[in-house]
Each structure stands twice: as structure tokens, then as C-alpha cells.
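A.B. asks: My file is target_33.cif. It has mmCIF, C-alpha atoms; chains and numbers go by the auth columns:
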```
data_model
loop_
_atom_site.group_PDB
_atom_site.id
_atom_site.type_symbol
_atom_site.label_atom_id
_atom_site.label_comp_id
_atom_site.label_asym_id
_atom_site.label_seq_id
_atom_site.Cartn_x
_atom_site.Cartn_y
_atom_site.Cartn_z
_atom_site.B_iso_or_equiv
_atom_site.auth_seq_id
_atom_site.auth_asym_id
ATOM 1 C CA ARG A 1 -61.849 107.826 -26.662 0.00 1 M
ATOM 2 C CA MET A 2 -64.323 105.217 -25.631 0.00 2 M
ATOM 3 C CA MET A 3 -61.592 102.598 -25.595 0.00 3 M
ATOM 4 C CA ALA A 4 -59.345 104.862 -23.551 0.00 4 M
ATOM 5 C CA ALA A 5 -62.126 105.478 -21.042 0.00 5 M
ATOM 6 C CA ALA A 6 -62.829 101.748 -20.741 0.00 6 M
ATOM 7 C CA ALA A 7 -59.174 101.028 -20.212 0.00 7 M
ATOM 8 C CA SER A 8 -58.999 103.753 -17.566 0.00 8 M
ATOM 9 C CA ASP A 9 -62.029 102.282 -15.748 0.00 9 M
ATOM 10 C CA SER A 10 -60.531 98.803 -15.872 0.00 10 M
ATOM 11 C CA LEU A 11 -57.273 100.112 -14.478 0.00 11 M
ATOM 12 C CA THR A 12 -59.140 101.934 -11.739 0.00 12 M
ATOM 13 C CA GLN A 13 -61.074 98.778 -10.840 0.00 13 M
ATOM 14 C CA ARG A 14 -57.944 96.706 -10.706 0.00 14 M
ATOM 15 C CA ARG A 15 -56.224 99.355 -8.634 0.00 15 M
ATOM 16 C CA ASN A 16 -59.169 99.427 -6.222 0.00 16 M
ATOM 17 C CA ALA A 17 -59.212 95.648 -6.067 0.00 17 M
ATOM 18 C CA TYR A 18 -55.488 95.631 -5.343 0.00 18 M
ATOM 19 C CA PHE A 19 -55.869 98.195 -2.593 0.00 19 M
ATOM 20 C CA ALA A 20 -58.762 96.171 -1.140 0.00 20 M
ATOM 21 C CA ILE A 21 -56.695 92.985 -1.218 0.00 21 M
ATOM 22 C CA ALA A 22 -53.677 94.844 0.228 0.00 22 M
ATOM 23 C CA GLY A 23 -55.817 96.334 2.947 0.00 23 M
ATOM 24 C CA ALA A 24 -57.274 92.950 3.803 0.00 24 M
ATOM 25 C CA ALA A 25 -53.822 91.419 3.819 0.00 25 M
ATOM 26 C CA ASN A 26 -52.574 94.204 6.054 0.00 26 M
ATOM 27 C CA ASP A 27 -55.508 93.605 8.425 0.00 27 M
ATOM 28 C CA VAL A 28 -54.637 89.912 8.509 0.00 28 M
ATOM 29 C CA VAL A 29 -50.993 90.720 9.217 0.00 29 M
ATOM 30 C CA LEU A 30 -51.954 93.152 11.965 0.00 30 M
ATOM 31 C CA LEU A 31 -54.373 90.624 13.471 0.00 31 M
ATOM 32 C CA PHE A 32 -51.790 87.852 13.308 0.00 32 M
ATOM 33 C CA THR A 33 -49.137 90.160 14.797 0.00 33 M
ATOM 34 C CA ALA A 34 -51.516 91.173 17.588 0.00 34 M
ATOM 35 C CA ARG A 35 -52.275 87.525 18.300 0.00 35 M
ATOM 36 C CA LEU A 36 -48.577 86.713 18.358 0.00 36 M
ATOM 37 C CA LEU A 37 -47.899 89.613 20.698 0.00 37 M
ATOM 38 C CA ASN A 38 -50.827 88.595 22.933 0.00 38 M
ATOM 39 C CA ARG A 39 -49.681 84.977 22.928 0.00 39 M
ATOM 40 C CA SER A 40 -46.126 86.091 23.725 0.00 40 M
ATOM 41 C CA ARG A 41 -47.443 88.254 26.572 0.00 41 M
ATOM 42 C CA ARG A 42 -49.458 85.352 27.967 0.00 42 M
ATOM 43 C CA GLN A 43 -46.456 83.098 27.616 0.00 43 M
ATOM 44 C CA ARG A 44 -44.276 85.580 29.507 0.00 44 M
ATOM 45 C CA LEU A 45 -46.922 85.834 32.223 0.00 45 M
ATOM 46 C CA ALA A 46 -47.148 82.050 32.425 0.00 46 M
ATOM 47 C CA GLU A 47 -43.355 81.791 32.600 0.00 47 M
ATOM 48 C CA ALA A 48 -43.282 84.433 35.335 0.00 48 M
ATOM 49 C CA GLU A 49 -45.945 82.537 37.284 0.00 49 M
ATOM 50 C CA LEU A 50 -44.027 79.294 36.829 0.00 50 M
ATOM 51 C CA GLN A 51 -40.842 80.997 37.997 0.00 51 M
ATOM 52 C CA ALA A 52 -42.632 82.414 41.033 0.00 52 M
ATOM 53 C CA SER A 53 -44.113 78.991 41.813 0.00 53 M
ATOM 54 C CA PHE A 54 -40.697 77.395 41.423 0.00 54 M
ATOM 55 C CA THR A 55 -39.205 80.005 43.760 0.00 55 M
ATOM 56 C CA ASP A 56 -41.969 79.356 46.313 0.00 56 M
ATOM 57 C CA LEU A 57 -41.444 75.610 46.036 0.00 57 M
ATOM 58 C CA THR A 58 -37.704 76.035 46.479 0.00 58 M
ATOM 59 C CA ALA A 59 -38.251 78.181 49.582 0.00 59 M
ATOM 60 C CA THR A 60 -40.784 75.673 50.948 0.00 60 M
ATOM 61 C CA HIS A 61 -38.355 72.819 50.309 0.00 61 M
ATOM 62 C CA GLU A 62 -35.585 74.676 52.136 0.00 62 M
ATOM 63 C CA GLU A 63 -37.946 75.382 55.054 0.00 63 M
ATOM 64 C CA LEU A 64 -38.894 71.703 55.182 0.00 64 M
ATOM 65 C CA LEU A 65 -35.239 70.716 55.198 0.00 65 M
ATOM 66 C CA ALA A 66 -34.574 73.189 58.018 0.00 66 M
ATOM 67 C CA SER A 67 -37.601 71.909 59.953 0.00 67 M
ATOM 68 C CA GLU A 68 -36.467 68.327 59.440 0.00 68 M
ATOM 69 C CA GLU A 69 -33.032 69.206 60.791 0.00 69 M
ATOM 70 C CA GLU A 70 -34.613 70.953 63.788 0.00 70 M
ATOM 71 C CA LEU A 71 -36.801 67.894 64.403 0.00 71 M
ATOM 72 C CA ARG A 72 -33.754 65.630 64.271 0.00 72 M
ATOM 73 C CA GLU A 73 -31.948 67.861 66.758 0.00 73 M
ATOM 74 C CA LEU A 74 -35.030 67.997 68.993 0.00 74 M
ATOM 75 C CA ASN A 75 -35.436 64.234 68.826 0.00 75 M
ATOM 76 C CA GLY A 76 -31.778 63.798 69.710 0.00 76 M
ATOM 77 C CA ALA A 77 -32.178 66.143 72.676 0.00 77 M
ATOM 78 C CA LEU A 78 -35.294 64.275 73.834 0.00 78 M
ATOM 79 C CA VAL A 79 -33.546 60.927 73.554 0.00 79 M
ATOM 80 C CA LYS A 80 -30.574 62.286 75.522 0.00 80 M
ATOM 81 C CA THR A 81 -32.918 63.705 78.175 0.00 81 M
ATOM 82 C CA ALA A 82 -34.770 60.394 78.430 0.00 82 M
ATOM 83 C CA ASN A 83 -31.481 58.526 78.748 0.00 83 M
ATOM 84 C CA ASP A 84 -30.285 60.977 81.399 0.00 84 M
ATOM 85 C CA LEU A 85 -33.553 60.586 83.291 0.00 85 M
ATOM 86 C CA ASN A 86 -33.325 56.813 83.085 0.00 86 M
ATOM 87 C CA ALA A 87 -29.742 56.940 84.287 0.00 87 M
ATOM 88 C CA SER A 88 -30.705 59.290 87.146 0.00 88 M
ATOM 89 C CA GLU A 89 -33.647 57.081 88.072 0.00 89 M
ATOM 90 C CA GLN A 90 -31.417 54.020 88.069 0.00 90 M
ATOM 91 C CA GLN A 91 -28.881 55.831 90.238 0.00 91 M
ATOM 92 C CA MET A 92 -31.630 56.774 92.680 0.00 92 M
ATOM 93 C CA ARG A 93 -32.886 53.189 92.735 0.00 93 M
ATOM 94 C CA ASP A 94 -29.362 51.933 93.364 0.00 94 M
ATOM 95 C CA LEU A 95 -28.918 54.484 96.147 0.00 95 M
ATOM 96 C CA VAL A 96 -32.213 53.525 97.779 0.00 96 M
ATOM 97 C CA GLU A 97 -31.477 49.838 97.372 0.00 97 M
ATOM 98 C CA HIS A 98 -28.075 49.909 99.032 0.00 98 M
ATOM 99 C CA MET A 99 -28.686 52.380 101.834 0.00 99 M
ATOM 100 C CA HIS A 100 -28.989 51.008 105.372 0.00 100 M
ATOM 101 C CA ASP A 101 -32.115 53.014 106.184 0.00 101 M
ATOM 102 C CA VAL A 102 -35.534 51.470 105.588 0.00 102 M
ATOM 103 C CA PHE A 103 -37.311 52.974 102.579 0.00 103 M
ATOM 104 C CA ALA A 104 -40.598 52.317 100.773 0.00 104 M
ATOM 105 C CA LEU A 105 -42.708 54.185 98.226 0.00 105 M
ATOM 106 C CA HIS A 106 -46.485 53.742 98.113 0.00 106 M
ATOM 107 C CA GLU A 107 -49.564 55.100 96.388 0.00 107 M
ATOM 108 C CA ILE A 108 -52.748 55.762 98.294 0.00 108 M
ATOM 109 C CA ILE A 109 -56.005 54.161 97.093 0.00 109 M
ATOM 110 C CA LEU A 110 -59.218 56.196 97.362 0.00 110 M
ATOM 111 C CA ASN A 111 -62.864 55.234 97.182 0.00 111 M
ATOM 112 C CA GLU A 112 -65.440 57.072 95.057 0.00 112 M
ATOM 113 C CA ALA A 113 -65.851 59.653 97.797 0.00 113 M
ATOM 114 C CA GLY A 114 -62.115 60.450 97.670 0.00 114 M
ATOM 115 C CA GLU A 115 -61.389 58.822 101.018 0.00 115 M
ATOM 116 C CA PRO A 116 -58.298 56.651 101.639 0.00 116 M
ATOM 117 C CA VAL A 117 -59.190 52.963 101.831 0.00 117 M
ATOM 118 C CA ASP A 118 -55.826 51.260 101.242 0.00 118 M
ATOM 119 C CA TRP A 119 -52.336 51.763 99.844 0.00 119 M
ATOM 120 C CA ARG A 120 -50.179 49.904 97.326 0.00 120 M
ATOM 121 C CA TYR A 121 -46.459 49.123 97.554 0.00 121 M
ATOM 122 C CA LEU A 122 -44.505 50.589 94.606 0.00 122 M
ATOM 123 C CA LEU A 123 -40.877 50.342 95.729 0.00 123 M
ATOM 124 C CA VAL A 124 -39.084 48.848 98.714 0.00 124 M
ATOM 125 C CA ASN A 125 -35.409 48.375 99.471 0.00 125 M
ATOM 126 C CA GLU A 126 -33.617 45.442 101.034 0.00 126 M
ATOM 127 C CA ALA A 127 -33.682 47.040 104.484 0.00 127 M
ATOM 128 C CA PHE A 128 -37.480 47.282 104.268 0.00 128 M
ATOM 129 C CA GLU A 129 -37.686 43.598 103.380 0.00 129 M
ATOM 130 C CA LYS A 130 -35.655 42.699 106.450 0.00 130 M
ATOM 131 C CA LEU A 131 -37.658 44.963 108.755 0.00 131 M
ATOM 132 C CA SER A 132 -41.092 43.903 107.478 0.00 132 M
ATOM 133 C CA GLY A 133 -40.263 40.238 106.987 0.00 133 M
ATOM 134 C CA HIS A 134 -41.771 40.333 103.494 0.00 134 M
ATOM 135 C CA SER A 135 -39.958 40.007 100.167 0.00 135 M
ATOM 136 C CA ARG A 136 -40.425 42.279 97.159 0.00 136 M
ATOM 137 C CA ALA A 137 -42.370 39.551 95.402 0.00 137 M
ATOM 138 C CA GLU A 138 -44.838 39.586 98.285 0.00 138 M
ATOM 139 C CA LEU A 139 -45.146 43.372 98.357 0.00 139 M
ATOM 140 C CA LEU A 140 -44.686 45.151 95.039 0.00 140 M
ATOM 141 C CA GLY A 141 -47.912 45.903 93.197 0.00 141 M
ATOM 142 C CA ARG A 142 -50.032 44.584 96.046 0.00 142 M
ATOM 143 C CA THR A 143 -52.100 46.488 98.575 0.00 143 M
ATOM 144 C CA ALA A 144 -51.321 46.691 102.257 0.00 144 M
ATOM 145 C CA SER A 145 -54.504 44.848 103.174 0.00 145 M
ATOM 146 C CA GLU A 146 -53.423 41.966 100.924 0.00 146 M
ATOM 147 C CA ALA A 147 -49.694 41.817 101.548 0.00 147 M
ATOM 148 C CA THR A 148 -49.342 42.998 105.152 0.00 148 M
ATOM 149 C CA PRO A 149 -52.597 42.318 107.045 0.00 149 M
ATOM 150 C CA ASP A 150 -50.600 42.046 110.278 0.00 150 M
ATOM 151 C CA LEU A 151 -50.001 45.830 110.365 0.00 151 M
ATOM 152 C CA PRO A 152 -52.149 48.197 112.489 0.00 152 M
ATOM 153 C CA PHE A 153 -54.008 49.015 109.290 0.00 153 M
ATOM 154 C CA THR A 154 -56.580 51.569 110.473 0.00 154 M
ATOM 155 C CA GLU A 155 -54.058 53.724 112.362 0.00 155 M
ATOM 156 C CA LEU A 156 -51.491 53.689 109.539 0.00 156 M
ATOM 157 C CA LEU A 157 -54.117 54.321 106.838 0.00 157 M
ATOM 158 C CA ALA A 158 -55.297 57.498 108.572 0.00 158 M
ATOM 159 C CA ARG A 159 -51.729 58.812 108.912 0.00 159 M
ATOM 160 C CA HIS A 160 -50.507 57.773 105.456 0.00 160 M
ATOM 161 C CA GLY A 161 -53.692 58.965 103.751 0.00 161 M
ATOM 162 C CA LYS A 162 -53.404 62.412 105.314 0.00 162 M
ATOM 163 C CA VAL A 163 -49.824 62.801 104.105 0.00 163 M
ATOM 164 C CA ALA A 164 -50.665 61.625 100.572 0.00 164 M
ATOM 165 C CA LEU A 165 -53.682 63.949 100.285 0.00 165 M
ATOM 166 C CA THR A 166 -52.336 67.079 101.986 0.00 166 M
ATOM 167 C CA GLY A 167 -48.626 66.796 101.272 0.00 167 M
ATOM 168 C CA GLU A 168 -47.844 67.629 104.896 0.00 168 M
ATOM 169 C CA PRO A 169 -44.958 65.459 106.199 0.00 169 M
ATOM 170 C CA VAL A 170 -45.131 63.538 109.460 0.00 170 M
ATOM 171 C CA GLN A 171 -42.320 62.371 111.712 0.00 171 M
ATOM 172 C CA ASP A 172 -42.682 59.827 114.492 0.00 172 M
ATOM 173 C CA ILE A 173 -40.740 57.339 116.630 0.00 173 M
ATOM 174 C CA TYR A 174 -41.784 53.739 117.108 0.00 174 M
ATOM 175 C CA PHE A 175 -40.378 50.666 118.784 0.00 175 M
ATOM 176 C CA ASN A 176 -40.126 47.377 116.887 0.00 176 M
ATOM 177 C CA ALA A 177 -40.599 44.771 119.572 0.00 177 M
ATOM 178 C CA SER A 178 -39.524 41.823 117.400 0.00 178 M
ATOM 179 C CA MET A 179 -36.207 43.499 116.613 0.00 179 M
ATOM 180 C CA GLY A 180 -35.846 45.351 119.913 0.00 180 M
ATOM 181 C CA LYS A 181 -35.039 48.569 118.031 0.00 181 M
ATOM 182 C CA TYR A 182 -36.273 52.153 117.942 0.00 182 M
ATOM 183 C CA PHE A 183 -36.847 53.835 114.600 0.00 183 M
ATOM 184 C CA SER A 184 -37.373 57.463 113.583 0.00 184 M
ATOM 185 C CA VAL A 185 -39.961 57.382 110.810 0.00 185 M
ATOM 186 C CA SER A 186 -40.408 60.193 108.292 0.00 186 M
ATOM 187 C CA ILE A 187 -43.482 60.096 106.047 0.00 187 M
ATOM 188 C CA TYR A 188 -43.664 62.547 103.138 0.00 188 M
ATOM 189 C CA SER A 189 -45.384 62.911 99.765 0.00 189 M
ATOM 190 C CA PRO A 190 -43.029 63.135 96.738 0.00 190 M
ATOM 191 C CA GLU A 191 -46.032 63.694 94.442 0.00 191 M
ATOM 192 C CA PRO A 192 -49.836 63.791 94.746 0.00 192 M
ATOM 193 C CA LEU A 193 -51.481 60.584 96.020 0.00 193 M
ATOM 194 C CA LYS A 194 -48.126 58.995 96.822 0.00 194 M
ATOM 195 C CA PHE A 195 -46.179 58.783 100.047 0.00 195 M
ATOM 196 C CA ALA A 196 -42.767 57.521 101.047 0.00 196 M
ATOM 197 C CA THR A 197 -41.605 56.196 104.390 0.00 197 M
ATOM 198 C CA LEU A 198 -38.035 56.459 105.611 0.00 198 M
ATOM 199 C CA SER A 199 -37.159 54.672 108.854 0.00 199 M
ATOM 200 C CA ILE A 200 -33.817 55.311 110.544 0.00 200 M
ATOM 201 C CA ASP A 201 -32.493 53.143 113.350 0.00 201 M
ATOM 202 C CA ILE A 202 -32.045 55.388 116.420 0.00 202 M
ATOM 203 C CA THR A 203 -31.790 52.631 119.015 0.00 203 M
ATOM 204 C CA GLU A 204 -28.402 53.766 120.360 0.00 204 M
ATOM 205 C CA GLN A 205 -29.536 57.377 120.721 0.00 205 M
ATOM 206 C CA LYS A 206 -32.811 56.318 122.322 0.00 206 M
ATOM 207 C CA LEU A 207 -31.101 54.024 124.839 0.00 207 M
ATOM 208 C CA ALA A 208 -28.621 56.782 125.676 0.00 208 M
ATOM 209 C CA GLU A 209 -31.501 59.175 126.341 0.00 209 M
ATOM 210 C CA MET A 210 -33.198 56.615 128.547 0.00 210 M
ATOM 211 C CA MET A 211 -29.997 56.101 130.528 0.00 211 M
ATOM 212 C CA LEU A 212 -29.698 59.839 131.074 0.00 212 M
ATOM 213 C CA HIS A 213 -33.278 60.082 132.276 0.00 213 M
ATOM 214 C CA ARG A 214 -32.701 57.237 134.747 0.00 214 M
ATOM 215 C CA LYS A 215 -29.767 59.085 136.252 0.00 215 M
#
```
Take the structure I supplied and represent it as C-alpha cells, if you would.
C.D. replies:
Amino acid sequence: RMMAAAASDSLTQRRNAYFAIAGAANDVVLLFTARLLNRSRRQRLAEAELQASFTDLTATHEELLASEEELRELNGALVKTANDLNASEQQMRDLVEHMHDVFALHEIILNEAGEPVDWRYLLVNEAFEKLSGHSRAELLGRTASEATPDLPFTELLARHGKVALTGEPVQDIYFNASMGKYFSVSIYSPEPLKFATLSIDITEQKLAEMMLHRK
């Protein structure tokens, strides 16, 4: 009996040890499985984040491509506009250059108090050169006091300065004694601080009027 009891105790101990080892092994398996599942979950989350980032990057890339195309189109439109403006400006210059009427564009020069003190020649046509007796080289970029000191400076400065500052046009008639001709002069401001003069030969009309008055 004693031997049987000892054998039974030994069997019980081994059974308990087995169950303990099995339980520990099961805990290890469960822990490992949980870690695998957690790692798999984190991996799926990371993959989802990467996919979302890739989608965002793809969308951003497409937006950049669209913006680049829009910029190219805008640049093309700007270049075309600039070319059109240059062509229009050249056409205007050609028109001014070849017309028979006397034309000049000037900018008014102000002192610190904002008062007109001079004006500068910006553009003159061939008819203006003939009427004034001065070439473009003598006029363009220079002031009236430098290039044309023979003009009635004070009187013209007051009239031209008023037009350039107020924008109100002025029309007058004057007689050029050296040429023996009458001119109708229009002075107007195409933009602030600039004024243009357009002189039209009206000698025939003026002489006809004088003849009528004499009768």
C-alpha cells in the first residue's frame, strides 16, 4: 500500500507539473499570438497610412501638373498680349511718324512743391522736326529749357503744366511767322504728368476767313 500511495503521489506530481508546463506554454502561445495580431494590426494601420499618403501625394502631383499647365497657358497669353501691345505701339508710332500733322509727346517736370518747372520731350514726329527746326537727336530725352530755349518758355510752361496736372485739354491758334502759316494746336493729357501737342495746318482756312472779313 505504501508503494502504491507513493506511486500515486508521484503520478499526481508529474501530472501537476505537466499541467503547469502546458499552462505556461499556452500562455506563451497566447502572448505570442496576441503580439502577432497586434503587430499585424499596426502593420495594417501603417500600410493604410502609407496608402493614404501615397494617394495625397498623387493628388498633389496631379494638382501641380494642372497648375503648371495653367501657368504655361497664362504665360503664353501674357506673351501674346505683350506682343500685341508692342505691335499696336509700333503701329501707333508709325502712324504718328508718317502723318502730316505736327505731333509731340512730353512729360512735365515738377519741383519739390509740385509746381511745373520744365518739360521733357519723349516723342516727336518728322513734321515736328520740320516745324521746330530741331532734330530728334536734339530733342528726345532733353528738357525744353535745354533743347529749345528760343521758345516763349514761361507762357508755354504755364499752359502745358496746367494740362498735364489737371487733364483739361486746351485748344488754340497761333501763327508761325518763319513759315507764314497758321496752326490749330490741341494740347491734351494722355496720362498723368504727360501732355501731347497736335498742330494742324489751317492756313488756307484762316486766309479764307480773313478774305471774307475784308469783304
A.B. asks: Could you give me the axis-aligned bounding box of region 126-134 of chain M, with 8 Å of padding per side, as centre plus edge lengths in Å to one decimal, as JSON?
C.D. replies:
```
{"center_x": -37.7, "center_y": 43.8, "center_z": 104.9, "size_x": 24.2, "size_y": 23.0, "size_z": 23.7}
```
A.B. asks: To one decimal place in Å, what is the distance between CA of Ile200 (chain M) and CA of Asn176 (chain M)?
C.D. replies: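 A separation of 12.0 Å between them.
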A.B. asks: Using the chain letters and numbers from the file, give me the residues hit by the PyMOL selection byres ((chain M and resi 140) around 9), as a ChimeraX atom specification.
C.D. replies: /M:120-124,135-139,141-143,147
A.B. asks: For Gly161 (chain M), which residue out of M:Leu110, M:Ala144, M:Leu64, M:Leu45 is the nearest one, using only C-alpha atoms?
C.D. replies: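 That would be M:Leu110, the residue with the smallest distance to Gly161 (chain M).
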A.B. asks: Between M:Glu49, M:Met210, M:Gly133, M:Trp119, single out the one closest to Ala196 (chain M), counting all atoms listed in the file.
C.D. replies: M:Trp119
A.B. asks: Written as a PDB file with C-alpha atoms, in the coordinates of the input, which residues does the PyMOL selection byres ((chain M and resi 202) around 10) give for the file shown?
C.D. replies:
```
ATOM      1  CA  ILE M 173     -40.740  57.339 116.630  1.00  0.00           C
ATOM      2  CA  TYR M 174     -41.784  53.739 117.108  1.00  0.00           C
ATOM      3  CA  PHE M 175     -40.378  50.666 118.784  1.00  0.00           C
ATOM      4  CA  LYS M 181     -35.039  48.569 118.031  1.00  0.00           C
ATOM      5  CA  TYR M 182     -36.273  52.153 117.942  1.00  0.00           C
ATOM      6  CA  PHE M 183     -36.847  53.835 114.600  1.00  0.00           C
ATOM      7  CA  SER M 184     -37.373  57.463 113.583  1.00  0.00           C
ATOM      8  CA  VAL M 185     -39.961  57.382 110.810  1.00  0.00           C
ATOM      9  CA  SER M 199     -37.159  54.672 108.854  1.00  0.00           C
ATOM     10  CA  ILE M 200     -33.817  55.311 110.544  1.00  0.00           C
ATOM     11  CA  ASP M 201     -32.493  53.143 113.350  1.00  0.00           C
ATOM     12  CA  THR M 203     -31.790  52.631 119.015  1.00  0.00           C
ATOM     13  CA  GLU M 204     -28.402  53.766 120.360  1.00  0.00           C
ATOM     14  CA  GLN M 205     -29.536  57.377 120.721  1.00  0.00           C
ATOM     15  CA  LYS M 206     -32.811  56.318 122.322  1.00  0.00           C
ATOM     16  CA  LEU M 207     -31.101  54.024 124.839  1.00  0.00           C
ATOM     17  CA  ALA M 208     -28.621  56.782 125.676  1.00  0.00           C
TER      18      ALA M 208
END
```
A.B. asks: Could you work out how far CA of Leu105 (chain M) lies from CA of Asp118 (chain M), giving the answer in Å with one decimal?
C.D. replies: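 According to the coordinates, CA of Asp118 (chain M) and CA of Leu105 (chain M) are separated by 13.8 Å.
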A.B. asks: When distances are computed from all atoms listed in the file, which of M:Met179, M:Ala127, M:Ile108, M:Ala113 shows the smallest separation from Lys194 (chain M)?
C.D. replies: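 Among M:Met179, M:Ala127, M:Ile108, M:Ala113, it is M:Ile108 that comes nearest to Lys194 (chain M).
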A.B. asks: Could you please determine the separation between CA of Ser178 (chain M) and CA of Ala158 (chain M) in Å, to one decimal place?
C.D. replies: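 So the two atoms, CA of Ser178 (chain M) and CA of Ala158 (chain M), lie 23.9 Å apart.
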A.B. asks: When distances are computed from only C-alpha atoms, which of M:Leu193, M:Leu151, M:Leu198, M:Ala48 shows the smallest separation from Val170 (chain M)?
C.D. replies: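 Of M:Leu193, M:Leu151, M:Leu198, M:Ala48, the one nearest Val170 (chain M), counting only C-alpha atoms, is M:Leu198.
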